[in-house]
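Peer 1: Structure supplied as work-v1.csv; contents: CSV, C-alpha atoms.
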chain,number,residue,atom,x,y,z
X,250,MET,CA,-226.3,-60.5,-85.3
X,251,THR,CA,-226.7,-63.3,-82.8
X,252,SER,CA,-227.5,-62.3,-79.2
X,253,PRO,CA,-225.4,-63.8,-76.4
X,254,PRO,CA,-227.0,-66.8,-74.6
X,255,GLU,CA,-229.1,-65.9,-71.6
X,256,ASP,CA,-227.3,-66.2,-68.3
X,257,THR,CA,-229.1,-69.0,-66.4
X,258,GLY,CA,-226.6,-69.1,-63.5
X,259,VAL,CA,-225.4,-72.6,-64.5
X,260,GLN,CA,-221.7,-72.8,-65.0
X,261,PRO,CA,-220.7,-74.5,-68.3
X,262,ALA,CA,-218.7,-77.7,-68.0
X,263,ALA,CA,-215.6,-76.1,-69.6
X,264,TYR,CA,-215.8,-72.8,-67.6
X,265,GLY,CA,-213.2,-73.9,-65.0
X,266,GLU,CA,-210.7,-74.9,-67.7
X,267,LEU,CA,-211.2,-71.5,-69.4
X,268,LEU,CA,-210.7,-69.6,-66.1
X,269,ASP,CA,-207.5,-71.5,-65.3
X,270,ASP,CA,-206.2,-70.9,-68.8
X,271,ILE,CA,-206.8,-67.2,-68.6
X,272,LYS,CA,-205.2,-67.0,-65.1
X,273,VAL,CA,-202.0,-68.6,-66.5
X,274,ARG,CA,-201.9,-66.2,-69.4
X,275,ILE,CA,-202.3,-63.2,-67.2
X,276,ARG,CA,-199.6,-64.4,-64.8
X,277,ARG,CA,-197.2,-65.0,-67.8
X,278,ALA,CA,-198.0,-61.6,-69.2
X,279,ARG,CA,-197.3,-59.9,-65.9
X,280,ALA,CA,-194.0,-61.8,-65.4
X,281,GLY,CA,-193.0,-61.0,-69.0
X,282,ALA,CA,-193.8,-57.3,-68.5
X,283,ALA,CA,-191.9,-57.2,-65.2
X,284,LEU,CA,-188.9,-58.9,-66.8
X,285,ALA,CA,-189.0,-56.4,-69.8
X,286,VAL,CA,-189.2,-53.4,-67.4
X,287,ASN,CA,-186.2,-54.7,-65.4
X,288,ARG,CA,-184.1,-55.3,-68.5
X,289,ALA,CA,-185.0,-51.8,-69.8
X,290,LEU,CA,-184.0,-50.3,-66.5
X,291,ILE,CA,-180.7,-52.2,-66.3
X,292,GLU,CA,-179.9,-51.2,-69.9
X,293,LEU,CA,-180.7,-47.5,-69.1
X,294,TYR,CA,-178.5,-47.6,-65.9
X,295,TRP,CA,-175.6,-49.2,-67.8
X,296,ASP,CA,-175.9,-46.6,-70.6
X,297,ILE,CA,-175.9,-43.7,-68.1
X,298,GLY,CA,-173.0,-45.2,-66.2
X,299,ASN,CA,-171.1,-45.8,-69.4
X,300,GLU,CA,-171.6,-42.3,-70.6
X,301,ILE,CA,-170.4,-40.8,-67.3
X,302,LEU,CA,-167.4,-43.1,-67.5
X,303,ARG,CA,-166.6,-42.1,-71.1
X,304,ARG,CA,-166.9,-38.4,-70.3
X,305,GLU,CA,-164.7,-38.7,-67.3
X,306,ARG,CA,-162.0,-40.3,-69.3
X,307,ALA,CA,-162.3,-38.0,-72.3
X,308,GLU,CA,-162.9,-34.7,-70.6
X,309,GLY,CA,-161.4,-35.2,-67.1
X,310,TRP,CA,-164.7,-34.9,-65.2
X,311,GLY,CA,-164.5,-35.2,-61.4
X,312,ALA,CA,-166.8,-36.7,-58.8
X,313,LYS,CA,-168.6,-33.3,-58.3
X,314,ILE,CA,-170.0,-33.5,-61.8
X,315,ILE,CA,-172.0,-36.6,-60.7
X,316,ASP,CA,-173.4,-34.6,-57.7
X,317,ARG,CA,-174.6,-31.8,-60.0
X,318,LEU,CA,-175.9,-34.3,-62.6
X,319,ALA,CA,-178.0,-36.1,-59.9
X,320,ALA,CA,-179.5,-32.8,-58.7
X,321,ASP,CA,-180.4,-31.7,-62.3
X,322,LEU,CA,-181.9,-35.0,-63.2
X,323,ARG,CA,-184.0,-35.2,-60.0
X,324,ARG,CA,-185.3,-31.7,-60.8
X,325,GLU,CA,-186.2,-32.7,-64.3
X,326,PHE,CA,-187.8,-36.0,-63.3
X,327,PRO,CA,-189.2,-35.4,-59.8
X,328,GLY,CA,-191.3,-38.6,-59.9
X,329,MET,CA,-188.6,-40.9,-60.9
X,330,THR,CA,-186.6,-42.9,-58.3
X,331,GLY,CA,-183.1,-44.1,-58.8
X,332,LEU,CA,-181.5,-40.8,-59.8
X,333,SER,CA,-179.7,-40.1,-56.5
X,334,ARG,CA,-176.0,-39.3,-56.3
X,335,ALA,CA,-175.3,-42.7,-54.8
X,336,ASN,CA,-177.1,-44.5,-57.5
X,337,LEU,CA,-175.4,-42.6,-60.3
X,338,HIS,CA,-172.1,-43.7,-58.7
X,339,TYR,CA,-173.4,-47.3,-58.8
X,340,MET,CA,-174.3,-46.9,-62.4
X,341,ARG,CA,-170.7,-45.7,-63.2
X,342,ALA,CA,-169.3,-48.7,-61.2
X,343,PHE,CA,-171.7,-51.0,-63.0
X,344,ALA,CA,-170.5,-49.9,-66.4
X,345,GLU,CA,-166.9,-50.1,-65.3
X,346,ALA,CA,-167.4,-53.6,-64.0
X,347,TRP,CA,-169.1,-54.8,-67.2
X,348,THR,CA,-167.5,-53.0,-70.1
X,349,ALA,CA,-169.0,-52.9,-73.5
X,350,GLU,CA,-168.7,-56.2,-75.3
X,351,ALA,CA,-170.3,-57.8,-78.4
X,352,GLU,CA,-173.0,-59.2,-76.2
X,353,PRO,CA,-175.5,-56.5,-74.9
X,354,ILE,CA,-175.7,-56.1,-71.1
X,355,VAL,CA,-179.3,-57.4,-71.0
X,356,GLN,CA,-178.2,-60.7,-72.4
X,357,ARG,CA,-175.6,-61.2,-69.7
X,358,PRO,CA,-176.5,-62.7,-66.3
X,359,VAL,CA,-176.2,-59.3,-64.6
X,360,GLY,CA,-178.7,-57.9,-67.1
X,361,GLN,CA,-181.3,-60.4,-66.0
X,362,LEU,CA,-181.0,-59.5,-62.3
X,363,PRO,CA,-182.8,-56.7,-60.5
X,364,TRP,CA,-180.8,-53.6,-59.7
X,365,GLY,CA,-180.6,-54.4,-56.0
X,366,GLN,CA,-178.8,-57.6,-56.7
X,367,ASN,CA,-176.4,-55.8,-59.0
X,368,ILE,CA,-175.5,-53.4,-56.2
X,369,VAL,CA,-174.8,-56.4,-53.9
X,370,LEU,CA,-172.4,-57.8,-56.6
X,371,LEU,CA,-170.7,-54.4,-56.9
X,372,THR,CA,-170.3,-53.7,-53.2
X,373,LYS,CA,-169.6,-57.2,-51.8
X,374,LEU,CA,-167.3,-58.6,-54.5
X,375,LYS,CA,-164.2,-57.2,-56.2
X,376,ASP,CA,-163.3,-60.0,-58.5
X,377,ARG,CA,-165.0,-60.1,-61.9
X,378,ALA,CA,-165.1,-63.9,-62.1
X,379,ALA,CA,-166.7,-64.1,-58.6
X,380,ARG,CA,-169.3,-61.5,-59.6
X,381,LEU,CA,-170.1,-63.5,-62.8
X,382,TRP,CA,-170.4,-66.8,-60.9
X,383,TYR,CA,-172.8,-65.4,-58.3
X,384,ALA,CA,-174.8,-63.6,-61.0
X,385,GLN,CA,-175.2,-66.8,-62.9
X,386,LYS,CA,-176.3,-68.7,-59.8
X,387,ALA,CA,-178.7,-66.0,-58.7
X,388,VAL,CA,-180.4,-66.2,-62.1
X,389,GLU,CA,-180.4,-70.0,-62.1
X,390,HIS,CA,-181.7,-70.4,-58.6
X,391,GLY,CA,-183.8,-67.2,-58.4
X,392,TRP,CA,-182.0,-65.9,-55.3
X,393,SER,CA,-183.5,-62.8,-53.7
X,394,ARG,CA,-181.2,-59.9,-52.6
X,395,SER,CA,-181.0,-61.2,-49.0
X,396,VAL,CA,-180.2,-64.7,-50.1
X,397,LEU,CA,-177.6,-63.5,-52.5
X,398,GLU,CA,-175.9,-61.5,-49.7
X,399,ALA,CA,-176.0,-64.6,-47.5
X,400,GLN,CA,-174.5,-66.8,-50.1
X,401,ILE,CA,-171.6,-64.3,-50.7
X,402,LEU,CA,-171.1,-63.8,-46.9
X,403,THR,CA,-170.8,-67.6,-46.4
X,404,GLY,CA,-168.5,-68.0,-49.4
X,405,VAL,CA,-170.6,-70.6,-51.2
X,406,ARG,CA,-168.5,-70.3,-54.3
X,407,GLU,CA,-165.4,-71.4,-52.5
X,408,ARG,CA,-167.2,-74.1,-50.6
X,409,GLN,CA,-168.9,-75.7,-53.5
X,410,GLY,CA,-167.2,-78.9,-54.7
X,411,GLY,CA,-164.6,-78.8,-51.8
X,412,ALA,CA,-165.5,-82.1,-50.1
X,413,ILE,CA,-163.1,-85.0,-50.1
X,414,SER,CA,-164.9,-87.8,-52.0
X,415,SER,CA,-164.6,-90.9,-54.0
X,416,PHE,CA,-166.8,-89.5,-56.8
X,417,ALA,CA,-164.0,-89.3,-59.4
X,418,HIS,CA,-163.5,-93.1,-59.5
X,419,ALA,CA,-166.9,-94.3,-58.2
X,420,LEU,CA,-169.1,-92.4,-60.7
X,421,PRO,CA,-169.0,-92.0,-64.5
X,422,PRO,CA,-167.1,-88.8,-65.5
X,423,ALA,CA,-170.3,-87.0,-66.6
X,424,ASP,CA,-171.9,-87.6,-63.2
X,425,SER,CA,-168.8,-87.1,-61.1
X,426,GLU,CA,-168.5,-83.4,-61.8
X,427,LEU,CA,-172.2,-82.7,-61.4
X,428,VAL,CA,-172.4,-84.6,-58.1
X,429,ARG,CA,-169.2,-83.0,-56.8
X,430,ASP,CA,-170.5,-79.5,-57.4
X,431,ALA,CA,-173.7,-80.3,-55.5
X,432,ILE,CA,-171.7,-81.0,-52.3
X,433,LYS,CA,-170.1,-78.2,-50.2
X,434,ASP,CA,-167.3,-78.1,-47.7
X,435,PRO,CA,-167.7,-76.8,-45.1
X,436,TYR,CA,-171.4,-76.5,-44.4
X,437,ASN,CA,-172.4,-73.5,-42.4
X,438,PHE,CA,-174.8,-74.5,-39.6
X,439,GLU,CA,-174.4,-71.2,-37.7
X,440,PHE,CA,-178.2,-70.8,-37.8
X,441,LEU,CA,-178.6,-73.8,-35.4
X,442,SER,CA,-176.0,-72.6,-32.9
X,443,PRO,CA,-176.7,-74.0,-29.4
X,444,GLY,CA,-176.4,-70.4,-28.1
X,445,SER,CA,-179.3,-69.1,-30.2
X,446,GLU,CA,-182.4,-68.0,-28.3
X,447,ALA,CA,-186.0,-68.7,-28.9
X,448,LYS,CA,-189.1,-68.1,-26.9
X,449,GLU,CA,-191.0,-71.2,-25.8
X,450,ARG,CA,-194.2,-70.2,-27.7
X,451,ASP,CA,-192.2,-69.7,-30.9
X,452,LEU,CA,-190.3,-73.0,-30.7
X,453,GLU,CA,-192.2,-74.7,-33.5
X,454,THR,CA,-191.9,-71.6,-35.8
X,455,ALA,CA,-188.2,-71.3,-34.9
X,456,LEU,CA,-187.5,-75.0,-35.7
X,457,LEU,CA,-189.3,-74.8,-39.0
X,458,ARG,CA,-187.3,-71.6,-39.9
X,459,ASP,CA,-184.1,-73.5,-39.0
X,460,VAL,CA,-185.1,-76.4,-41.3
X,461,GLU,CA,-185.7,-73.9,-44.1
X,462,SER,CA,-182.2,-72.5,-43.5
X,463,PHE,CA,-180.8,-76.0,-43.4
X,464,LEU,CA,-182.4,-76.9,-46.8
X,465,MET,CA,-181.1,-73.6,-48.3
X,466,GLU,CA,-177.6,-74.4,-47.1
X,467,MET,CA,-177.9,-77.9,-48.7
X,468,GLY,CA,-178.5,-76.2,-52.0
X,469,ARG,CA,-180.9,-76.5,-54.9
X,470,GLY,CA,-182.6,-79.8,-55.6
X,471,PHE,CA,-182.4,-81.3,-52.1
X,472,ALA,CA,-185.7,-82.5,-50.7
X,473,LEU,CA,-185.9,-84.0,-47.3
X,474,VAL,CA,-187.4,-87.6,-47.2
X,475,GLY,CA,-187.0,-88.1,-43.5
X,476,ARG,CA,-184.9,-88.4,-40.4
X,477,GLN,CA,-183.9,-91.7,-38.6
X,478,TRP,CA,-185.1,-93.4,-41.8
X,479,PRO,CA,-185.6,-97.2,-41.1
X,480,LEU,CA,-183.8,-99.8,-43.2
X,481,ARG,CA,-185.4,-103.2,-42.5
X,482,ILE,CA,-183.2,-106.0,-43.9
X,483,PRO,CA,-184.8,-109.5,-44.2
X,484,ASN,CA,-182.9,-112.2,-42.5
X,485,SER,CA,-181.9,-114.8,-45.1
X,486,GLU,CA,-181.5,-117.5,-42.3
X,487,GLY,CA,-185.0,-117.3,-41.1
X,488,GLY,CA,-184.3,-115.3,-38.0
X,489,PRO,CA,-185.6,-111.8,-37.1
X,490,ASP,CA,-185.1,-109.0,-39.5
X,491,SER,CA,-182.3,-106.5,-38.9
X,492,GLU,CA,-183.2,-102.8,-38.6
X,493,PHE,CA,-180.9,-99.9,-39.1
X,494,PHE,CA,-181.6,-96.1,-39.1
X,495,ILE,CA,-180.2,-93.4,-41.4
X,496,ASP,CA,-179.7,-90.0,-39.8
X,497,LEU,CA,-181.0,-88.1,-42.7
X,498,LEU,CA,-182.3,-89.2,-46.1
X,499,PHE,CA,-182.7,-86.7,-48.9
X,500,PHE,CA,-183.6,-87.0,-52.6
X,501,ASN,CA,-182.0,-84.6,-55.0
X,502,TYR,CA,-184.3,-84.2,-58.0
X,503,LEU,CA,-181.6,-82.5,-60.1
X,504,LEU,CA,-179.3,-85.4,-59.6
X,505,ASN,CA,-182.2,-87.9,-59.7
X,506,ARG,CA,-180.7,-89.9,-56.8
X,507,PHE,CA,-181.0,-90.4,-53.0
X,508,VAL,CA,-178.5,-88.7,-50.8
X,509,VAL,CA,-177.7,-90.4,-47.5
X,510,ILE,CA,-176.4,-88.2,-44.7
X,511,ASP,CA,-174.6,-89.5,-41.7
X,512,LEU,CA,-174.2,-86.7,-39.1
X,513,LYS,CA,-171.2,-87.2,-36.8
X,514,VAL,CA,-170.2,-85.3,-33.6
X,515,GLU,CA,-166.5,-86.2,-33.8
X,516,SER,CA,-163.8,-86.0,-36.5
X,517,PHE,CA,-163.8,-88.5,-39.3
X,518,LYS,CA,-162.8,-92.1,-38.7
X,519,PRO,CA,-162.2,-94.7,-41.5
X,520,GLU,CA,-164.9,-96.9,-40.1
X,521,PHE,CA,-167.5,-94.2,-41.0
X,522,ALA,CA,-166.9,-94.9,-44.7
X,523,GLY,CA,-167.6,-98.6,-44.2
X,524,LYS,CA,-171.0,-97.9,-42.5
X,525,MET,CA,-171.9,-95.5,-45.2
X,526,ASN,CA,-171.1,-98.1,-47.9
X,527,PHE,CA,-173.6,-100.4,-46.2
X,528,TYR,CA,-176.3,-97.7,-46.0
X,529,LEU,CA,-175.9,-96.9,-49.7
X,530,ASN,CA,-176.3,-100.6,-50.7
X,531,ALA,CA,-179.3,-100.9,-48.5
X,532,VAL,CA,-181.0,-97.7,-49.8
X,533,ASP,CA,-180.4,-98.8,-53.4
X,534,GLU,CA,-181.9,-102.2,-52.7
X,535,LEU,CA,-184.9,-101.0,-50.6
X,536,GLU,CA,-185.7,-97.5,-51.8
X,537,ARG,CA,-184.3,-96.8,-55.2
X,538,GLN,CA,-186.8,-96.8,-58.0
X,539,PRO,CA,-186.3,-97.8,-61.7
X,540,GLY,CA,-184.8,-94.9,-63.6
X,541,GLN,CA,-183.1,-93.4,-60.6
X,542,GLU,CA,-179.4,-93.0,-60.3
X,543,GLU,CA,-177.1,-94.7,-57.8
X,544,SER,CA,-177.4,-93.2,-54.3
X,545,ILE,CA,-174.6,-91.1,-52.9
X,546,GLY,CA,-173.4,-90.7,-49.3
X,547,LEU,CA,-172.4,-87.6,-47.4
X,548,ILE,CA,-170.6,-87.9,-44.0
X,549,LEU,CA,-170.8,-84.6,-42.1
X,550,CYS,CA,-168.1,-84.2,-39.4
X,551,PRO,CA,-166.8,-81.3,-37.3
X,552,GLY,CA,-163.3,-82.1,-38.4
X,553,ARG,CA,-161.2,-84.5,-40.5
X,554,ASP,CA,-157.6,-85.4,-41.2
X,555,ARG,CA,-157.1,-85.1,-45.0
X,556,THR,CA,-154.7,-88.0,-45.4
X,557,VAL,CA,-156.8,-90.4,-43.3
X,558,THR,CA,-160.0,-89.4,-45.2
X,559,GLU,CA,-158.4,-89.7,-48.6
X,560,TRP,CA,-157.0,-93.1,-47.8
X,561,ALA,CA,-160.3,-94.3,-46.4
X,562,LEU,CA,-162.1,-93.4,-49.7
X,563,ARG,CA,-159.3,-94.3,-52.1
X,564,ARG,CA,-160.4,-97.8,-53.0
X,565,THR,CA,-164.1,-97.7,-52.1
X,566,ALA,CA,-166.4,-98.3,-55.0
X,567,ALA,CA,-169.3,-96.4,-53.3
X,568,PRO,CA,-169.8,-92.7,-54.1
X,569,ILE,CA,-169.1,-91.1,-50.7
X,570,ALA,CA,-168.1,-87.6,-49.7
X,571,VAL,CA,-166.8,-86.3,-46.4
X,572,SER,CA,-167.5,-82.6,-45.5
X,573,ARG,CA,-167.1,-80.6,-42.4
X,574,TYR,CA,-169.7,-78.5,-40.7
X,575,VAL,CA,-169.1,-75.3,-38.8
X,576,THR,CA,-170.9,-73.1,-36.3
X,577,ASP,CA,-170.5,-69.6,-34.8
X,578,ASP,CA,-168.4,-68.3,-37.7
X,579,VAL,CA,-165.6,-70.8,-36.7
X,580,THR,CA,-164.2,-72.7,-39.7
X,581,LEU,CA,-162.5,-75.9,-38.6
X,582,THR,CA,-159.5,-77.0,-40.6
X,583,ASP,CA,-158.9,-80.5,-42.0
X,584,SER,CA,-157.0,-81.5,-38.9
X,585,ALA,CA,-159.1,-79.7,-36.3
X,586,PRO,CA,-156.3,-77.6,-34.7
X,587,SER,CA,-155.9,-77.6,-31.0
X,588,GLU,CA,-156.8,-73.9,-30.6
X,589,LEU,CA,-160.3,-74.7,-31.9
X,590,ARG,CA,-160.9,-77.9,-30.1
X,591,HIS,CA,-162.5,-76.1,-27.1
X,592,ALA,CA,-165.5,-75.6,-29.4
X,593,LEU,CA,-166.1,-79.3,-30.0
X,594,PRO,CA,-168.0,-80.2,-26.8
X,595,GLU,CA,-170.9,-78.1,-28.0
X,596,LEU,CA,-171.3,-80.0,-31.2
X,597,PRO,CA,-173.3,-82.9,-29.8
X,598,ALA,CA,-175.9,-80.4,-28.8
X,599,LEU,CA,-175.9,-79.0,-32.3
X,600,ALA,CA,-176.4,-82.5,-33.8
X,601,SER,CA,-179.3,-83.3,-31.5
X,602,GLU,CA,-180.9,-79.9,-32.2
X,603,LEU,CA,-180.6,-80.5,-35.9
X,604,THR,CA,-182.2,-83.9,-35.9
X,605,ARG,CA,-184.9,-82.8,-33.5
X,606,ALA,CA,-185.7,-79.9,-35.8
X,607,LEU,CA,-185.9,-82.1,-38.9
X,608,GLY,CA,-188.1,-84.5,-37.0
X,609,ALA,CA,-190.5,-81.8,-36.0
X,610,ALA,CA,-190.7,-80.5,-39.6
X,611,THR,CA,-191.5,-83.8,-41.1
X,612,HIS,CA,-193.9,-84.8,-38.3
X,613,GLU,CA,-192.5,-88.4,-38.6
X,614,PRO,CA,-191.4,-89.5,-35.2
X,615,ARG,CA,-189.0,-92.4,-35.5
X,616,ARG,CA,-187.2,-94.5,-33.1
X,617,CYS,CA,-183.6,-93.3,-32.7
X,618,ARG,CA,-180.8,-95.7,-32.8
X,619,ASP,CA,-178.5,-95.8,-29.8
X,620,ASP,CA,-175.2,-96.7,-31.6
X,621,ARG,CA,-174.2,-93.2,-32.7
X,622,SER,CA,-170.4,-93.4,-33.2
Would you write out, as structure tokens, the structure that this file holds?
Peer 2:
Amino acid sequence: MTSPPEDTGVQPAAYGELLDDIKVRIRRARAGAALAVNRALIELYWDIGNEILRRERAEGWGAKIIDRLAADLRREFPGMTGLSRANLHYMRAFAEAWTAEAEPIVQRPVGQLPWGQNIVLLTKLKDRAARLWYAQKAVEHGWSRSVLEAQILTGVRERQGGAISSFAHALPPADSELVRDAIKDPYNFEFLSPGSEAKERDLETALLRDVESFLMEMGRGFALVGRQWPLRIPNSEGGPDSEFFIDLLFFNYLLNRFVVIDLKVESFKPEFAGKMNFYLNAVDELERQPGQEESIGLILCPGRDRTVTEWALRRTAAPIAVSRYVTDDVTLTDSAPSELRHALPELPALASELTRALGAATHEPRRCRDDRS
């Protein structure tokens, strides 16, 4: 038998590679074990709920049976959590919401979510289709329970794909639907309400937290490139170069394209589309790299007239969307009704706060243009 080599204290050349490989394997095993435990628990809860439901229907059991069952189970399994009366009722509701089908419960989106997220789906939503949509998105995006609750509260399902846009005729059909679903209407900027309070010493932390909320509201795949992004256009006549500034420049790695955002403090005007068309051409010429898709534009306004907006975009060849943004739980309609117009004077402060916050987050101070229209 060969004895192990003597430890000389010198690290072998490949040791670091071995350590990293083992770390990855351990993390994968842990994640797999946690996933397996969760699926087993979800399957158990569905089975219990389904059996309660079946007995109720077959034998006429009442709600008090669940109370007694909870007490007996806790007595039998004192160290096991999740056997409360309330949780048994959730199990019953879970089985009733997701009836037995050819596909096992653990293979459905809800079967891949932790129990807490399933309780949110049961208590916050009544419609099966809505529950399924949010379950699929929660699995796809890895939403935590609090994020899932926030997405339901702000109605992200109803807002997704609701912008008025030129995507249908300005993009290939395969891209049009994908890009449309990445844009919302309206965007909820309540987290940057001018009335929100923050202590002076926590200002930087508050701004960064707001930026995180902003990015979450934008959705999956959006990465901030910068604010007041400069576009320097060479002068073909030999004069000085022209310089323009984009409010916000994003790159969406899922769409593989730049997203130019123009933030407005007044309702949509047709000339906004013309300016965005110029920005998109400039970004594609100056920033777009080989292999990247055509840039898209998003004009964010506090209000819009649907007819004016549709007519402004009808013949444009540029992929542009117009969405509204809202604050303080006030949702503006397409025509900004008079009873809500009293809120509009506060929106310039909101826009300034948003751009200041994004500038602080990127640590890229840029000269602001003075022609905000």
Peer 1: CA of Glu439 in chain X and CA of Val509 in chain X are how many Å apart?
Peer 2: 21.8 Å
Peer 1: In Å, rounded to a single decimal, give me how far CA of Ile401 in chain X is from CA of Glu292 in chain X.
Peer 2: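 Here the two named atoms are 24.7 Å from each other.
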Peer 1: Would you be able to write out as a list in words which residues have an atom within 9 Å of (-163.4, -57.8, -67.0) in the file's coordinates, counting all atoms listed in the file?
Peer 2: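 All residues meeting the 9 Å criterion around (-163.4, -57.8, -67.0) are Glu345, Ala346, Trp347, Thr348, Asp376, Arg377 and Ala378 of chain X.
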Peer 1: Near range 461-473 of chain X, counting all atoms listed in the file, which residues have an atom at most 8 Å away, once you skip same-chain residues fewer than 3 positions from it, shown as a VMD selection string?
Peer 2: chain X and resid 390 431 to 433 436 to 438 440 457 to 458 497 to 504
Peer 1: Report, in Å with one decimal, the straight-line distance from CA of Val359 in chain X to CA of Leu302 in chain X.
Peer 2: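 Taking CA of Val359 in chain X as the start and CA of Leu302 in chain X as the end point, the length is 18.7 Å.
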Peer 1: Can you tell me, as a ChimeraX atom specification, what residues are no more than 12 Å from Gly365 in chain X when counting only C-alpha atoms, ignoring any on the same chain fewer than 2 positions away?
Peer 2: /X:287,290-291,331,336,339-340,343,359-363,367-372,384,392-398
Peer 1: Using only C-alpha atoms, which of X:Gln366, X:Gln356, X:Asn530, X:Ser333 sits nearest Ala387 in chain X?
Peer 2: X:Gln366
Peer 1: From (-163.5, -86.4, -34.5), in the file's coordinates, out to 7 Å: which residues are reached, counting only C-alpha atoms? Answer as a compact mmCIF listing (two decimals) with C-alpha atoms, in the coordinates of the input.
Peer 2:
# COMPACT_ATOMS: atom_id res chain seq x y z
CA VAL X 514 -170.20 -85.30 -33.60
CA GLU X 515 -166.50 -86.20 -33.80
CA SER X 516 -163.80 -86.00 -36.50
CA PHE X 517 -163.80 -88.50 -39.30
CA PRO X 551 -166.80 -81.30 -37.30
CA GLY X 552 -163.30 -82.10 -38.40
CA ARG X 553 -161.20 -84.50 -40.50
Peer 1: Can you fill out range 380-385 of chain X with all heavy atoms and hand it back as an mmCIF file, in the coordinates of the input?
Peer 2:
data_model
loop_
_atom_site.group_PDB
_atom_site.id
_atom_site.type_symbol
_atom_site.label_atom_id
_atom_site.label_comp_id
_atom_site.auth_asym_id
_atom_site.auth_seq_id
_atom_site.Cartn_x
_atom_site.Cartn_y
_atom_site.Cartn_z
ATOM 1 N N ARG X 380 -168.060 -62.217 -59.321
ATOM 2 C CA ARG X 380 -169.300 -61.500 -59.600
ATOM 3 C C ARG X 380 -170.122 -62.293 -60.670
ATOM 4 O O ARG X 380 -171.339 -62.465 -60.533
ATOM 5 C CB ARG X 380 -169.043 -60.108 -60.098
ATOM 6 C CG ARG X 380 -168.612 -59.137 -59.015
ATOM 7 C CD ARG X 380 -168.170 -57.814 -59.625
ATOM 8 N NE ARG X 380 -167.860 -56.819 -58.605
ATOM 9 C CZ ARG X 380 -167.202 -55.700 -58.836
ATOM 10 N NH1 ARG X 380 -166.801 -55.422 -60.080
ATOM 11 N NH2 ARG X 380 -166.961 -54.848 -57.860
ATOM 12 N N LEU X 381 -169.447 -62.742 -61.702
ATOM 13 C CA LEU X 381 -170.100 -63.500 -62.800
ATOM 14 C C LEU X 381 -170.691 -64.785 -62.255
ATOM 15 O O LEU X 381 -171.825 -65.156 -62.590
ATOM 16 C CB LEU X 381 -169.156 -63.714 -63.926
ATOM 17 C CG LEU X 381 -169.733 -64.463 -65.139
ATOM 18 C CD1 LEU X 381 -170.908 -63.700 -65.737
ATOM 19 C CD2 LEU X 381 -168.650 -64.682 -66.200
ATOM 20 N N TRP X 382 -169.932 -65.483 -61.421
ATOM 21 C CA TRP X 382 -170.400 -66.800 -60.900
ATOM 22 C C TRP X 382 -171.648 -66.580 -60.050
ATOM 23 O O TRP X 382 -172.632 -67.314 -60.216
ATOM 24 C CB TRP X 382 -169.286 -67.399 -60.029
ATOM 25 C CG TRP X 382 -169.571 -68.807 -59.612
ATOM 26 C CD1 TRP X 382 -169.243 -69.961 -60.262
ATOM 27 C CD2 TRP X 382 -170.273 -69.234 -58.416
ATOM 28 N NE1 TRP X 382 -169.676 -71.054 -59.565
ATOM 29 C CE2 TRP X 382 -170.313 -70.644 -58.438
ATOM 30 C CE3 TRP X 382 -170.850 -68.540 -57.354
ATOM 31 C CZ2 TRP X 382 -170.916 -71.378 -57.415
ATOM 32 C CZ3 TRP X 382 -171.459 -69.273 -56.349
ATOM 33 C CH2 TRP X 382 -171.493 -70.675 -56.380
ATOM 34 N N TYR X 383 -171.619 -65.608 -59.144
ATOM 35 C CA TYR X 383 -172.800 -65.400 -58.300
ATOM 36 C C TYR X 383 -173.970 -64.857 -59.091
ATOM 37 O O TYR X 383 -175.128 -65.178 -58.779
ATOM 38 C CB TYR X 383 -172.429 -64.406 -57.158
ATOM 39 C CG TYR X 383 -171.698 -65.058 -56.015
ATOM 40 C CD1 TYR X 383 -170.315 -64.936 -55.876
ATOM 41 C CD2 TYR X 383 -172.378 -65.812 -55.065
ATOM 42 C CE1 TYR X 383 -169.640 -65.542 -54.824
ATOM 43 C CE2 TYR X 383 -171.709 -66.431 -54.015
ATOM 44 C CZ TYR X 383 -170.341 -66.290 -53.894
ATOM 45 O OH TYR X 383 -169.672 -66.905 -52.864
ATOM 46 N N ALA X 384 -173.708 -64.054 -60.123
ATOM 47 C CA ALA X 384 -174.800 -63.600 -61.000
ATOM 48 C C ALA X 384 -175.472 -64.752 -61.687
ATOM 49 O O ALA X 384 -176.701 -64.838 -61.750
ATOM 50 C CB ALA X 384 -174.277 -62.567 -61.997
ATOM 51 N N GLN X 385 -174.668 -65.665 -62.220
ATOM 52 C CA GLN X 385 -175.200 -66.800 -62.900
ATOM 53 C C GLN X 385 -176.040 -67.692 -61.957
ATOM 54 O O GLN X 385 -177.132 -68.156 -62.308
ATOM 55 C CB GLN X 385 -174.085 -67.647 -63.531
ATOM 56 C CG GLN X 385 -173.406 -66.954 -64.701
ATOM 57 C CD GLN X 385 -172.162 -67.682 -65.174
ATOM 58 O OE1 GLN X 385 -171.483 -68.365 -64.397
ATOM 59 N NE2 GLN X 385 -171.833 -67.521 -66.441
#
